[in-house]
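For reference, the structure is listed below as structure tokens.
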Amino acid sequence: IFKPFQEKNDFQFKTLSTECKNFNISGNISYNENKSAIYITNIKYCGGDDNEEYKQIECILYESNNNVETKVSSFTSNHEKIKLEEFLQDVTLSIDNYEKNCKEYQKDSLYLSINATDFNDKITTYKIPLKMNSCSK
């Protein structure tokens, strides 16, 4: 009899999404009872036309728990002039062997922060909450 995910090392998967109206993302969390891996790619800005050229853009994945924010991973542009949509095409966040198992994530505890710095050092910040279905026991 085939019983998927019965082995101790087998992983289950949850899809990450967002209800933020300005961004669409593709991502997932794979997990077993001991640890998890997070993979986020294909972030699209759909909040209108942003033709601004920035000197730096950074995308940071945070986990928030009891008002404590932990930086999990980040991706920074390495171009001197870059538009937001061009930057987002390159973003991939891949976190292997993350110490938390799926059940330890609090509801809506993961979010992305995108900080875009223009040539006048003005920073535009987008906070993108990530949604995940509840984890299996």
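How things are named: the first chain in the structure tokens is A, the next is B, and so on; residues count from 1 in each chain; ligands count from 1 in the order shown.
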Can you check which residues of region 16-46 of chain A DSSP gives as strand (DSSP E) on the backbone and send them as a list in words?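 Here are the strand (DSSP E) residues of region 16-46 of chain A: Leu16, Ser17, Phe23, Asn24, Ile25, Ser26, Gly27, Asn28, Ile29, Ser30, Tyr31, Ser36, Ala37, Ile38, Tyr39, Ile40, Thr41, Asn42, Ile43, Lys44 and Tyr45 of chain A.
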Would you return as number ranges by chain the members of chain A that DSSP assigns to helix (DSSP H, G or I) on this structure's backbone? A: 84-90, 102-104
Got time to write the residues from that selection, N, CA and C atoms, as a CSV table (one decimal), in the first residue's frame?
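Output (again-v1.csv):
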```csv
chain,number,residue,atom,x,y,z
A,84,LEU,N,11.9,48.8,-10.5
A,84,LEU,CA,11.3,47.8,-9.6
A,84,LEU,C,10.9,46.5,-10.3
A,85,GLU,N,10.3,46.6,-11.4
A,85,GLU,CA,9.8,45.4,-12.1
A,85,GLU,C,11.0,44.6,-12.6
A,86,GLU,N,12.1,45.2,-13.1
A,86,GLU,CA,13.3,44.5,-13.5
A,86,GLU,C,14.0,43.8,-12.3
A,87,PHE,N,14.0,44.4,-11.2
A,87,PHE,CA,14.6,43.8,-10.0
A,87,PHE,C,13.8,42.6,-9.6
A,88,LEU,N,12.4,42.7,-9.6
A,88,LEU,CA,11.6,41.6,-9.1
A,88,LEU,C,11.8,40.4,-10.0
A,89,GLN,N,12.1,40.6,-11.3
A,89,GLN,CA,12.3,39.4,-12.2
A,89,GLN,C,13.5,38.6,-11.7
A,90,ASP,N,14.5,39.2,-11.0
A,90,ASP,CA,15.7,38.5,-10.6
A,90,ASP,C,15.6,37.9,-9.2
A,102,CYS,N,6.9,23.5,10.3
A,102,CYS,CA,5.8,24.2,9.8
A,102,CYS,C,4.8,24.7,10.9
A,103,LYS,N,4.6,23.8,11.8
A,103,LYS,CA,3.6,24.1,12.9
A,103,LYS,C,4.1,25.3,13.8
A,104,GLU,N,5.3,25.6,13.8
A,104,GLU,CA,5.8,26.7,14.6
A,104,GLU,C,5.6,28.1,14.0
```
Can you tell me, as a VMD selection string, what residues are no more than 12 Å from Ile128 (chain A) when counting only C-alpha atoms, ignoring any on the same chain fewer than 5 positions away? chain A and resid 16 to 25 43 to 45 59 to 63 108 to 115
Using only C-alpha atoms, which protein or nucleic acid residues come within 12 Å of Ile95 (chain A)? Drop anything in the same chain fewer than 6 positions from it, and give the result as a PDB file with N, CA, C and O atoms, in the first residue's frame.
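In the end it all went to result.pdb:
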```pdb
ATOM      1  N   GLY A  27       5.457  30.985  -4.314  1.00  0.00           N
ATOM      2  CA  GLY A  27       6.391  30.471  -3.336  1.00  0.00           C
ATOM      3  C   GLY A  27       5.821  29.263  -2.636  1.00  0.00           C
ATOM      4  O   GLY A  27       4.632  28.973  -2.750  1.00  0.00           O
ATOM      5  N   ASN A  28       6.680  28.550  -1.926  1.00  0.00           N
ATOM      6  CA  ASN A  28       6.195  27.421  -1.152  1.00  0.00           C
ATOM      7  C   ASN A  28       7.103  27.156   0.039  1.00  0.00           C
ATOM      8  O   ASN A  28       8.234  27.634   0.102  1.00  0.00           O
ATOM      9  N   ILE A  29       6.542  26.420   0.979  1.00  0.00           N
ATOM     10  CA  ILE A  29       7.291  25.909   2.116  1.00  0.00           C
ATOM     11  C   ILE A  29       7.187  24.398   2.061  1.00  0.00           C
ATOM     12  O   ILE A  29       6.088  23.840   1.944  1.00  0.00           O
ATOM     13  N   SER A  30       8.329  23.737   2.104  1.00  0.00           N
ATOM     14  CA  SER A  30       8.340  22.284   2.242  1.00  0.00           C
ATOM     15  C   SER A  30       8.796  21.987   3.661  1.00  0.00           C
ATOM     16  O   SER A  30       9.648  22.682   4.206  1.00  0.00           O
ATOM     17  N   TYR A  31       8.205  20.972   4.272  1.00  0.00           N
ATOM     18  CA  TYR A  31       8.498  20.742   5.677  1.00  0.00           C
ATOM     19  C   TYR A  31       8.300  19.283   6.067  1.00  0.00           C
ATOM     20  O   TYR A  31       7.576  18.538   5.414  1.00  0.00           O
ATOM     21  N   LYS A  35      12.073  20.353  10.383  1.00  0.00           N
ATOM     22  CA  LYS A  35      12.605  21.556   9.746  1.00  0.00           C
ATOM     23  C   LYS A  35      11.767  21.911   8.534  1.00  0.00           C
ATOM     24  O   LYS A  35      10.858  21.172   8.150  1.00  0.00           O
ATOM     25  N   SER A  36      12.097  23.035   7.925  1.00  0.00           N
ATOM     26  CA  SER A  36      11.380  23.462   6.731  1.00  0.00           C
ATOM     27  C   SER A  36      12.338  24.140   5.764  1.00  0.00           C
ATOM     28  O   SER A  36      13.448  24.512   6.123  1.00  0.00           O
ATOM     29  N   ALA A  37      11.895  24.265   4.537  1.00  0.00           N
ATOM     30  CA  ALA A  37      12.628  24.992   3.506  1.00  0.00           C
ATOM     31  C   ALA A  37      11.639  25.952   2.848  1.00  0.00           C
ATOM     32  O   ALA A  37      10.486  25.604   2.619  1.00  0.00           O
ATOM     33  N   ILE A  38      12.093  27.160   2.589  1.00  0.00           N
ATOM     34  CA  ILE A  38      11.234  28.192   2.006  1.00  0.00           C
ATOM     35  C   ILE A  38      11.807  28.586   0.649  1.00  0.00           C
ATOM     36  O   ILE A  38      13.017  28.783   0.525  1.00  0.00           O
ATOM     37  N   TYR A  39      10.950  28.686  -0.355  1.00  0.00           N
ATOM     38  CA  TYR A  39      11.384  29.072  -1.691  1.00  0.00           C
ATOM     39  C   TYR A  39      10.392  30.095  -2.237  1.00  0.00           C
ATOM     40  O   TYR A  39       9.193  29.830  -2.301  1.00  0.00           O
ATOM     41  N   ILE A  40      10.894  31.277  -2.593  1.00  0.00           N
ATOM     42  CA  ILE A  40      10.045  32.343  -3.131  1.00  0.00           C
ATOM     43  C   ILE A  40      10.671  32.857  -4.424  1.00  0.00           C
ATOM     44  O   ILE A  40      11.856  33.180  -4.470  1.00  0.00           O
ATOM     45  N   THR A  41       9.862  32.921  -5.463  1.00  0.00           N
ATOM     46  CA  THR A  41      10.315  33.445  -6.745  1.00  0.00           C
ATOM     47  C   THR A  41       9.114  34.060  -7.457  1.00  0.00           C
ATOM     48  O   THR A  41       7.995  34.010  -6.959  1.00  0.00           O
ATOM     49  N   LEU A  61      13.016  38.822   3.489  1.00  0.00           N
ATOM     50  CA  LEU A  61      11.999  37.958   4.079  1.00  0.00           C
ATOM     51  C   LEU A  61      12.157  38.011   5.594  1.00  0.00           C
ATOM     52  O   LEU A  61      13.251  37.753   6.121  1.00  0.00           O
ATOM     53  N   TYR A  62      11.082  38.385   6.287  1.00  0.00           N
ATOM     54  CA  TYR A  62      11.076  38.453   7.742  1.00  0.00           C
ATOM     55  C   TYR A  62      10.078  37.448   8.302  1.00  0.00           C
ATOM     56  O   TYR A  62       9.063  37.139   7.666  1.00  0.00           O
ATOM     57  N   LYS A  71      15.140  38.510  10.539  1.00  0.00           N
ATOM     58  CA  LYS A  71      15.475  38.501   9.113  1.00  0.00           C
ATOM     59  C   LYS A  71      15.856  37.073   8.739  1.00  0.00           C
ATOM     60  O   LYS A  71      16.777  36.493   9.305  1.00  0.00           O
ATOM     61  N   VAL A  72      15.129  36.507   7.784  1.00  0.00           N
ATOM     62  CA  VAL A  72      15.347  35.128   7.367  1.00  0.00           C
ATOM     63  C   VAL A  72      16.275  35.069   6.156  1.00  0.00           C
ATOM     64  O   VAL A  72      17.182  34.249   6.095  1.00  0.00           O
ATOM     65  N   SER A  73      16.056  35.960   5.192  1.00  0.00           N
ATOM     66  CA  SER A  73      16.852  35.964   3.969  1.00  0.00           C
ATOM     67  C   SER A  73      16.666  37.299   3.267  1.00  0.00           C
ATOM     68  O   SER A  73      15.710  38.028   3.539  1.00  0.00           O
ATOM     69  N   SER A  74      17.590  37.616   2.349  1.00  0.00           N
ATOM     70  CA  SER A  74      17.436  38.853   1.583  1.00  0.00           C
ATOM     71  C   SER A  74      18.083  38.703   0.214  1.00  0.00           C
ATOM     72  O   SER A  74      18.908  37.822  -0.016  1.00  0.00           O
ATOM     73  N   PHE A  75      17.677  39.594  -0.677  1.00  0.00           N
ATOM     74  CA  PHE A  75      18.211  39.666  -2.035  1.00  0.00           C
ATOM     75  C   PHE A  75      18.354  41.147  -2.370  1.00  0.00           C
ATOM     76  O   PHE A  75      17.404  41.908  -2.219  1.00  0.00           O
TER      77      PHE A  75
END
```
Choose the residue, out of A:Asn42, A:Lys14, A:Leu130, A:Thr117, that has the smallest atom-to-atom separation from Gln56 (chain A); count only C-alpha atoms.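 Comparing A:Asn42, A:Lys14, A:Leu130, A:Thr117 against Gln56 (chain A), the winner is A:Thr117.
Interatomic distance, CA of Lys127 (chain A) against CA of Asn78 (chain A): 21.3 Å.
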Given only C-alpha atoms as the counted atoms, nearest of A:Phe11, A:Glu69, A:Asp118, A:His79 to Tyr54 (chain A): A:Asp118
re CA of Asp96 (chain A) and CA of Asn32 (chain A): distance 12.4 Å
